[in-house]
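I have placed the structure first, in the form of structure tokens, so that the comments after it can refer back to it.
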Amino acid sequence: MSFQIVTRFAPSPTGYLHVGGARTALFNWLLARHSGGQFLLRIEDTDLARSSEQAVKQLLDDLRWLGLNWDNVELVFQSKRLEAYNGIIEQLMSQGMAYKAYETPEELEGQRRIAERAKRAYIYKRPKLTDEQIRKYESEGRPAVVRFAMPVREFRFHDVVLGKEIVLGASQVQDFVIRKTDGMPTYHFAVVVDDAAMGISHILRGQEHLLNTVNHIALQEALGYARPTYGHLPVILNTDGSKMGKRDRDKKIRHRANVWLKNTKRSAAELAAAAALETGRIEGWLADDGRQLEAAEQQKLMPVVGLEAGDLPEILVHDFRASGYLPDVLLNFLALLGWSPGGDRERMSVGEMVQLFSLDRVGQANAKFNRDKLLAFNTEACAAAGATQLVPAMRDFLSVNADSPLGSADAAALEKVIAMNVGMRTLREAEQKSRFLFLADENIEYQADAVEKILLKNDKQGLNVLGRMRQVLDETLDWTAACVEAAVKGYCASASLALGKVAQPIRVAVSGTSISPPIFASLEFLGKERTLRRIDNCLRFATSQ
RNA sequence: GGCCCCGUCGUCUAGAGGCCUAGGACACGGCCCUUUCAAGGCCGCAACACGGGUUCGAAUCCCGUCGGGGUCACCA
């Protein structure tokens with residue numbers, strides 16, 4: 001009988017998948033796939049208040065997008081396993097290994113405060129209740145939790161990632177809650193029961209769980225379960241060293257809010273009013289760097305201070321998807337956060353990672369999440385992929401960016417757009433540069449600074465060139481990028497003008513801005529008629545300025 | 001604060017006592033290319049946290065200091 005490695009990913013459905021969670025999922029997935037074992041998915045929804053069906057959907061969607069497929073057809077939901085948990089809890093209680101505890105949250109909070117003031121860690125002490133007291137509490141209907149009676153002794157376990165024995169002294173252990181007053185099991189309990197039930201052999205998780213492990217092994221011992229192999233992954237941090245979370249986004253919004261206040265010379269109260277938010281809330285937030293806005297509040301504030309969805313640093317898998325990153329690139333980058341195949345090897349396909357993955361090459365130092373490098377990886381991958389292959393990725397990108405004018409483009413058009421955007425760093429970058437190609441000619445918005453700098457400056461030199469170019473282009477019969485290029489360059493030569501002096505006015509005329517894909521490919525895509533119409537529109541607009 | 005974990009360029013890392021004058025990637029700087037933004041090419045800058053040991057020899061082993069992180073929930 002040979003052992004099969006069985007790993008799992010067990011998120012709680014509280015929202016979209018976070019990159020930290022994705023990294024945990026990836027490592028477990030890689031371990032399973034590398035060894036030909038199984039990777040299972042379980043939903044830890046024992047916190048009724050925070051779990052939602054919507055979040056489950058989002059989680060699965062993110063996992064699918066990444067390609068981290070799971071092997072259990074039937075998902076395990078902890079909320080559906082109450083009977084199993086309760087049976088085991090009853091059994092533990094009847095054996096004296098667990099007991100009801102009646103303290104109220106307020107009482108516990110008070111004790112904690114005392115411990116904190118005394119500068120020691122709070123350790124729960126089981127009160128010695130008489131039978132009479134218990135009867136009294138029960139008849140009062142006082143809510144009770146069930147606590148596991150932790151054996152008071154030292155616990156130790158081996159960690160495969162850290163490569164060492166973790167030891168927790170007897171004075172550090174305490175009786176922990178295994179069933180809440182609402183009747184739901186706690187994480188500590190459900191995780192142990194389910195990992196055993198699902199035959200999990202290896203558990204890779206974030207280092208924030210390191211000390212929890214002793215609770216879990218104590219429970220395993222009490223229940224007669226085998227102990228799985230544990231490995232605790234280093235934490236992913238923000239660039240400023242804080243734990244990766246919402247903070248990076250908040251920081252950016254805060255910065256822009258302060259700029260807004262300074263530039264407009266208005267007050268925090270006016271800012272709050274403009275965003276339809278509570279004044280006190282905004283004032284408090286601005287005054288205290290430690291505070292963070294809720295996601296809904298962030299969304300209201302962003303347009304006011306001039307931020308768009310894509311401007312914030314991404315932290316959720318979904319953010320990266322919406323920003324136009326390729327899933328395999330994200331996976332590659334995430335894998336490198338805490339793991340290395342050794343040597344100079346960095347860029348890997350998913351298949352290569354599966355082949356190369358090994359636990360003893362997982363690192364133990366925390367890693368900061370460096371978006372620049374991810375961007376560089378994505379740029380390379382886009383260049384390597386080729387236009388045809390990127391069409392489905394672009395489709396996917398558009399599916400989560402419903403407001404894009406490229407949404408209606410067919411595959412051939414998308415392929416052309418991608419092809420003319422060589423050098424793009426993200427799908428979004430290509431999409432934004434190419435939007436003008438899909439707008440109605442009348443809907444081109446001429447950017448004031450571009451019009452000023454490229455058309456009006458120096459005695460309307462650009463505008464004059466544009467007028468003459470209209471003539472040249474009108475006379476160009478064969479409307480291909482090559483022919484248009486020849487015509488424009490011919491004109492440049494005869495007029496002794498640098499190409500830039502001519503290309504930029506055309507660019508502004510057709511796109512409204514000074515940035516676009518290479519101009520000749522853009523013009524070919526637009527077609528002669530639309531190009532001329534846009535030039536006419538622009539001529540009229542700029543002349544009136 | 002107690003307990004636990006960690007510590008190689010700015011960042012991610014390679015490095016398992018001599019192969020290290022410490023390698024790669026990203027970022028950064030310079031130059032080149034160029035119709036914009038990107039992309040691309042070439043060159044360059046840059047680290048073993050500190051202090052003690054052990055050893056003929058230490059980035060690699062041990063101890064201490066310092067620094068960073070995690071955790072102390074009826075959240076997972």
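Following the order of the structure tokens, first chain is A, next is B, and so on, with residues numbered from 1 inside each chain and ligands from 1 in the order they appear.
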
task: Write out as JSON, numbers by chain all residues of stretch 354-423 of chain A that DSSP puts in helix (DSSP H, G or I) for this structure's backbone.
output: {"A": [354, 355, 356, 359, 360, 361, 371, 372, 373, 374, 375, 376, 377, 378, 379, 380, 381, 382, 383, 384, 385, 387, 388, 389, 390, 391, 392, 393, 394, 395, 396, 397, 398, 399, 405, 406, 407, 408, 411, 412, 413, 414, 415, 416, 417, 418, 419, 420]}

Give one line per residue of chain A that approaches chain B to at most 6 Å, naming the two atoms of the closest pair and their distance in Å to one decimal, counting only C-alpha atoms (C1' of nucleotides); sort by chain then ascending residue number and deliver it as JSON lines.
{"residue": "A:Lys119", "atom": "CA", "partner": "B:G1", "partner_atom": "C1'", "distance": 4.7}
{"residue": "A:Arg120", "atom": "CA", "partner": "B:G2", "partner_atom": "C1'", "distance": 5.1}
{"residue": "A:Ala121", "atom": "CA", "partner": "B:G2", "partner_atom": "C1'", "distance": 5.2}
{"residue": "A:Lys180", "atom": "CA", "partner": "B:C74", "partner_atom": "C1'", "distance": 4.6}
{"residue": "A:Glu208", "atom": "CA", "partner": "B:G70", "partner_atom": "C1'", "distance": 5.5}
{"residue": "A:Gly343", "atom": "CA", "partner": "B:A14", "partner_atom": "C1'", "distance": 5.0}
{"residue": "A:Asp344", "atom": "CA", "partner": "B:G24", "partner_atom": "C1'", "distance": 4.9}
{"residue": "A:Ala365", "atom": "CA", "partner": "B:C6", "partner_atom": "C1'", "distance": 5.2}
{"residue": "A:Lys373", "atom": "CA", "partner": "B:C26", "partner_atom": "C1'", "distance": 4.5}
{"residue": "A:Gly423", "atom": "CA", "partner": "B:A39", "partner_atom": "C1'", "distance": 3.9}
{"residue": "A:Leu499", "atom": "CA", "partner": "B:U35", "partner_atom": "C1'", "distance": 5.6}
{"residue": "A:Gly500", "atom": "CA", "partner": "B:U35", "partner_atom": "C1'", "distance": 4.8}
{"residue": "A:Ala503", "atom": "CA", "partner": "B:U35", "partner_atom": "C1'", "distance": 5.1}
{"residue": "A:Ser514", "atom": "CA", "partner": "B:U36", "partner_atom": "C1'", "distance": 5.7}
{"residue": "A:Ile515", "atom": "CA", "partner": "B:U36", "partner_atom": "C1'", "distance": 4.9}

message: Using only C-alpha atoms (C1' of nucleotides), which protein or nucleic acid residues come within 10 Å of stretch 65-67 of chain B? Drop anything in the same chain fewer than 6 positions from it, and give the result as a VMD selection string.
response: chain B and resid 7 49 to 51

task: Would you kindly return, as a VMD selection string, each protein, DNA or RNA residue with an atom no farther than 12 Å from any atom of B:G53, considering only C-alpha atoms (C1' of nucleotides) and excluding same-chain residues fewer than 6 positions away?
output: chain B and resid 61 to 64

- line: In Å and to one decimal, atom CA of A:Met424 is distant from atom CA of A:Ala482 by 22.2 Å

field: d(atom CA of A:Gly306, atom CA of A:Leu277) in Å
entry: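 Between these atoms lies a distance of 16.2 Å.
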
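The closest residue to A:Leu337, picked from A:Pro13, A:Pro303, A:Gly37, A:Gly20 and counting only C-alpha atoms, is A:Gly20.
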
query: Which residue gives the smallest distance to A:Val173 among A:Arg156, A:Arg112, A:Lys243, A:Lys453, with only C-alpha atoms counted?
result: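 Selected residue with least distance to A:Val173: A:Arg156.
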
message: Considering only strand (DSSP E) as DSSP defines it on the backbone, what residues of stretch 212-265 of chain A qualify? List them as a ChimeraX atom specification.
response: /A:229-233,236-237

Could you dump the residues just selected with C-alpha atoms as a compact mmCIF listing (two decimals), in the first residue's frame?
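This is the output file again17.txt:
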# COMPACT_ATOMS: atom_id res chain seq x y z
CA THR A 229 2.43 16.69 7.74
CA TYR A 230 2.44 20.41 8.46
CA GLY A 231 4.27 23.17 6.65
CA HIS A 232 3.86 26.87 7.36
CA LEU A 233 4.45 29.25 4.50
CA ILE A 236 3.30 37.88 1.97
CA LEU A 237 3.83 41.51 2.92
